[in-house]
file coords-v5.cif (mmCIF, N, CA and C atoms)
data_upload
#
loop_
_atom_site.label_atom_id
_atom_site.label_comp_id
_atom_site.auth_asym_id
_atom_site.auth_seq_id
_atom_site.Cartn_x
_atom_site.Cartn_y
_atom_site.Cartn_z
N MET Z 135 40.58 -25.04 -15.41
CA MET Z 135 39.62 -24.18 -16.09
C MET Z 135 38.19 -24.55 -15.70
N ASN Z 136 37.92 -25.80 -15.54
CA ASN Z 136 36.59 -26.27 -15.18
C ASN Z 136 36.20 -25.79 -13.80
N ASP Z 137 37.15 -25.76 -12.88
CA ASP Z 137 36.88 -25.27 -11.53
C ASP Z 137 36.52 -23.79 -11.55
N ASP Z 138 37.17 -23.02 -12.41
CA ASP Z 138 36.88 -21.58 -12.52
C ASP Z 138 35.44 -21.36 -12.99
N ARG Z 139 35.01 -22.15 -13.94
CA ARG Z 139 33.63 -22.02 -14.44
C ARG Z 139 32.63 -22.36 -13.33
N LEU Z 140 32.93 -23.40 -12.58
CA LEU Z 140 32.05 -23.81 -11.50
C LEU Z 140 31.98 -22.72 -10.42
N ILE Z 141 33.11 -22.17 -10.07
CA ILE Z 141 33.15 -21.08 -9.08
C ILE Z 141 32.38 -19.87 -9.60
N ASP Z 142 32.55 -19.56 -10.88
CA ASP Z 142 31.83 -18.43 -11.48
C ASP Z 142 30.32 -18.66 -11.43
N LEU Z 143 29.88 -19.85 -11.76
CA LEU Z 143 28.45 -20.16 -11.72
C LEU Z 143 27.91 -20.11 -10.30
N GLU Z 144 28.65 -20.62 -9.35
CA GLU Z 144 28.21 -20.58 -7.95
C GLU Z 144 28.13 -19.14 -7.46
N THR Z 145 29.09 -18.33 -7.88
CA THR Z 145 29.09 -16.91 -7.48
C THR Z 145 27.87 -16.21 -8.06
N ARG Z 146 27.60 -16.44 -9.35
CA ARG Z 146 26.42 -15.83 -9.98
C ARG Z 146 25.13 -16.28 -9.29
N LEU Z 147 25.05 -17.55 -8.98
CA LEU Z 147 23.86 -18.07 -8.30
C LEU Z 147 23.67 -17.41 -6.94
N THR Z 148 24.76 -17.24 -6.22
CA THR Z 148 24.68 -16.60 -4.90
C THR Z 148 24.17 -15.17 -5.02
N TYR Z 149 24.69 -14.41 -6.00
CA TYR Z 149 24.23 -13.03 -6.21
C TYR Z 149 22.76 -13.01 -6.65
N GLN Z 150 22.37 -13.93 -7.49
CA GLN Z 150 20.99 -13.97 -7.94
C GLN Z 150 20.04 -14.31 -6.80
N GLU Z 151 20.45 -15.21 -5.93
CA GLU Z 151 19.61 -15.54 -4.77
C GLU Z 151 19.47 -14.34 -3.84
N ALA Z 152 20.57 -13.61 -3.64
CA ALA Z 152 20.51 -12.41 -2.79
C ALA Z 152 19.60 -11.36 -3.42
N LEU Z 153 19.73 -11.18 -4.73
CA LEU Z 153 18.89 -10.21 -5.44
C LEU Z 153 17.42 -10.61 -5.36
N LEU Z 154 17.14 -11.89 -5.54
CA LEU Z 154 15.77 -12.38 -5.45
C LEU Z 154 15.20 -12.14 -4.06
N HIS Z 155 16.00 -12.36 -3.04
CA HIS Z 155 15.56 -12.11 -1.67
C HIS Z 155 15.24 -10.63 -1.47
N ASP Z 156 16.12 -9.76 -1.96
CA ASP Z 156 15.90 -8.31 -1.83
C ASP Z 156 14.65 -7.87 -2.58
N LEU Z 157 14.48 -8.38 -3.80
CA LEU Z 157 13.30 -8.01 -4.58
C LEU Z 157 12.02 -8.51 -3.91
N ASN Z 158 12.07 -9.69 -3.34
CA ASN Z 158 10.91 -10.21 -2.63
C ASN Z 158 10.55 -9.31 -1.45
N ALA Z 159 11.55 -8.84 -0.73
CA ALA Z 159 11.31 -7.95 0.40
C ALA Z 159 10.65 -6.65 -0.06
N VAL Z 160 11.06 -6.15 -1.22
CA VAL Z 160 10.46 -4.93 -1.76
C VAL Z 160 9.00 -5.17 -2.13
N VAL Z 161 8.73 -6.29 -2.76
CA VAL Z 161 7.36 -6.62 -3.16
C VAL Z 161 6.46 -6.77 -1.93
N VAL Z 162 6.96 -7.42 -0.91
CA VAL Z 162 6.18 -7.60 0.33
C VAL Z 162 5.88 -6.23 0.95
N ALA Z 163 6.88 -5.37 1.02
CA ALA Z 163 6.68 -4.03 1.60
C ALA Z 163 5.68 -3.23 0.77
N GLN Z 164 5.77 -3.33 -0.55
CA GLN Z 164 4.83 -2.62 -1.41
C GLN Z 164 3.40 -3.13 -1.20
N GLN Z 165 3.24 -4.42 -1.09
CA GLN Z 165 1.90 -4.97 -0.88
C GLN Z 165 1.33 -4.52 0.46
N GLN Z 166 2.17 -4.46 1.48
CA GLN Z 166 1.69 -3.98 2.78
C GLN Z 166 1.24 -2.53 2.67
N ARG Z 167 2.00 -1.73 1.96
CA ARG Z 167 1.65 -0.32 1.79
C ARG Z 167 0.36 -0.17 0.98
N ILE Z 168 0.22 -0.97 -0.07
CA ILE Z 168 -1.00 -0.94 -0.88
C ILE Z 168 -2.20 -1.29 -0.02
N THR Z 169 -2.06 -2.30 0.81
CA THR Z 169 -3.15 -2.71 1.70
C THR Z 169 -3.51 -1.58 2.66
N GLU Z 170 -2.50 -0.92 3.22
CA GLU Z 170 -2.74 0.21 4.12
C GLU Z 170 -3.46 1.33 3.39
N LEU Z 171 -3.03 1.64 2.17
CA LEU Z 171 -3.65 2.72 1.40
C LEU Z 171 -5.08 2.37 1.00
N GLU Z 172 -5.34 1.10 0.68
CA GLU Z 172 -6.71 0.69 0.37
C GLU Z 172 -7.61 0.85 1.58
N THR Z 173 -7.11 0.48 2.74
CA THR Z 173 -7.88 0.63 3.98
C THR Z 173 -8.16 2.11 4.25
N LEU Z 174 -7.14 2.93 4.11
CA LEU Z 174 -7.31 4.37 4.32
C LEU Z 174 -8.31 4.96 3.32
N GLY Z 175 -8.22 4.53 2.07
CA GLY Z 175 -9.15 5.01 1.05
C GLY Z 175 -10.59 4.65 1.39
N ARG Z 176 -10.80 3.40 1.85
CA ARG Z 176 -12.16 2.99 2.24
C ARG Z 176 -12.65 3.81 3.42
N GLN Z 177 -11.77 4.06 4.40
CA GLN Z 177 -12.16 4.85 5.56
C GLN Z 177 -12.53 6.28 5.16
N LEU Z 178 -11.75 6.86 4.27
CA LEU Z 178 -12.04 8.22 3.81
C LEU Z 178 -13.35 8.26 3.02
N LEU Z 179 -13.57 7.27 2.18
CA LEU Z 179 -14.81 7.22 1.42
C LEU Z 179 -16.02 7.08 2.36
N ASP Z 180 -15.89 6.21 3.35
CA ASP Z 180 -16.97 6.06 4.33
C ASP Z 180 -17.25 7.38 5.05
N ARG Z 181 -16.19 8.08 5.39
CA ARG Z 181 -16.35 9.35 6.09
C ARG Z 181 -17.04 10.39 5.21
N VAL Z 182 -16.66 10.44 3.95
CA VAL Z 182 -17.30 11.38 3.02
C VAL Z 182 -18.77 11.04 2.86
N VAL Z 183 -19.09 9.76 2.76
CA VAL Z 183 -20.49 9.35 2.63
C VAL Z 183 -21.26 9.76 3.87
N ARG Z 184 -20.69 9.52 5.06
CA ARG Z 184 -21.38 9.91 6.30
C ARG Z 184 -21.58 11.42 6.37
N LEU Z 185 -20.57 12.17 5.98
CA LEU Z 185 -20.71 13.63 5.99
C LEU Z 185 -21.80 14.07 5.02
N GLY Z 186 -21.86 13.42 3.86
CA GLY Z 186 -22.91 13.74 2.90
C GLY Z 186 -24.29 13.42 3.44
N GLN Z 187 -24.40 12.32 4.16
CA GLN Z 187 -25.69 11.95 4.76
C GLN Z 187 -26.07 12.93 5.85
N ASP Z 188 -25.10 13.39 6.62
CA ASP Z 188 -25.39 14.37 7.67
C ASP Z 188 -25.85 15.69 7.06
N ILE Z 189 -25.28 16.07 5.95
CA ILE Z 189 -25.69 17.31 5.28
C ILE Z 189 -27.11 17.17 4.74
N ASP Z 190 -27.42 15.99 4.20
CA ASP Z 190 -28.75 15.76 3.64
C ASP Z 190 -29.84 15.74 4.71
N LYS Z 191 -29.48 15.40 5.94
CA LYS Z 191 -30.48 15.32 7.01
C LYS Z 191 -31.05 16.69 7.36
N GLY Z 192 -30.29 17.69 7.17
CA GLY Z 192 -30.78 19.03 7.48
C GLY Z 192 -29.72 20.05 7.12
N SER Z 193 -30.15 21.18 6.66
CA SER Z 193 -29.19 22.22 6.30
C SER Z 193 -29.48 23.47 7.13
N ALA Z 194 -28.57 24.38 7.09
CA ALA Z 194 -28.73 25.63 7.83
C ALA Z 194 -29.93 26.42 7.31
N ALA Z 195 -30.29 26.27 6.05
CA ALA Z 195 -31.43 26.99 5.47
C ALA Z 195 -32.74 26.49 6.07
N ASP Z 196 -32.78 25.26 6.54
CA ASP Z 196 -34.00 24.70 7.11
C ASP Z 196 -34.20 25.08 8.57
N GLU Z 197 -33.16 25.58 9.20
CA GLU Z 197 -33.26 25.89 10.63
C GLU Z 197 -33.85 27.29 10.86
N ILE Z 198 -34.54 27.41 11.96
CA ILE Z 198 -35.09 28.71 12.35
C ILE Z 198 -34.00 29.47 13.04
N PRO Z 199 -33.78 30.72 12.66
CA PRO Z 199 -32.74 31.52 13.31
C PRO Z 199 -33.02 31.64 14.81
N PRO Z 200 -32.00 31.77 15.63
CA PRO Z 200 -32.19 31.78 17.08
C PRO Z 200 -33.03 32.97 17.61
N HIS Z 201 -33.17 34.05 16.88
CA HIS Z 201 -33.93 35.21 17.40
C HIS Z 201 -35.43 35.03 17.20
N TYR Z 202 -35.90 33.94 16.62
CA TYR Z 202 -37.33 33.72 16.45
C TYR Z 202 -37.89 32.94 17.59
#

call {"tool": "encode", "arguments": {"input": "coords-v5.cif", "output": "structure tokens"}}
result
Amino acid sequence: MNDDRLIDLETRLTYQEALLHDLNAVVVAQQQRITELETLGRQLLDRVVRLGQDIDKGSAADEIPPHY
């Protein structure tokens, strides 16, 4: 009976270690994706700011029409 308990505990430990490994892989993948999305968000924000600055530099209303 004692051997059965030991085998059961070893089996549970093995499954828990496998589960922990799988969960760690998921967390690592999620962090990589979060990092990618943060980088993309910063790039998009920078682009929007640049576009806003370009618009502020001059607008179509300030330009002289080509027939003048």

call {"tool": "atom_distance", "arguments": {"input": "coords-v5.cif", "atom1": "atom C of Glu172 in chain Z", "atom2": "atom C of Asp188 in chain Z"}}
result
24.1 Å

call {"tool": "atom_distance", "arguments": {"input": "coords-v5.cif", "atom1": "atom C of Arg146 in chain Z", "atom2": "CA of Val162 in chain Z"}}
result
23.0 Å

call {"tool": "select_by_dssp", "arguments": {"input": "coords-v5.cif", "residues": "chain Z", "states": "alpha helix (DSSP H)", "output": "ChimeraX atom specification"}}
result
/Z:136-191

call {"tool": "atom_distance", "arguments": {"input": "coords-v5.cif", "atom1": "atom N of Leu147 in chain Z", "atom2": "atom N of Val161 in chain Z"}}
result
20.8 Å
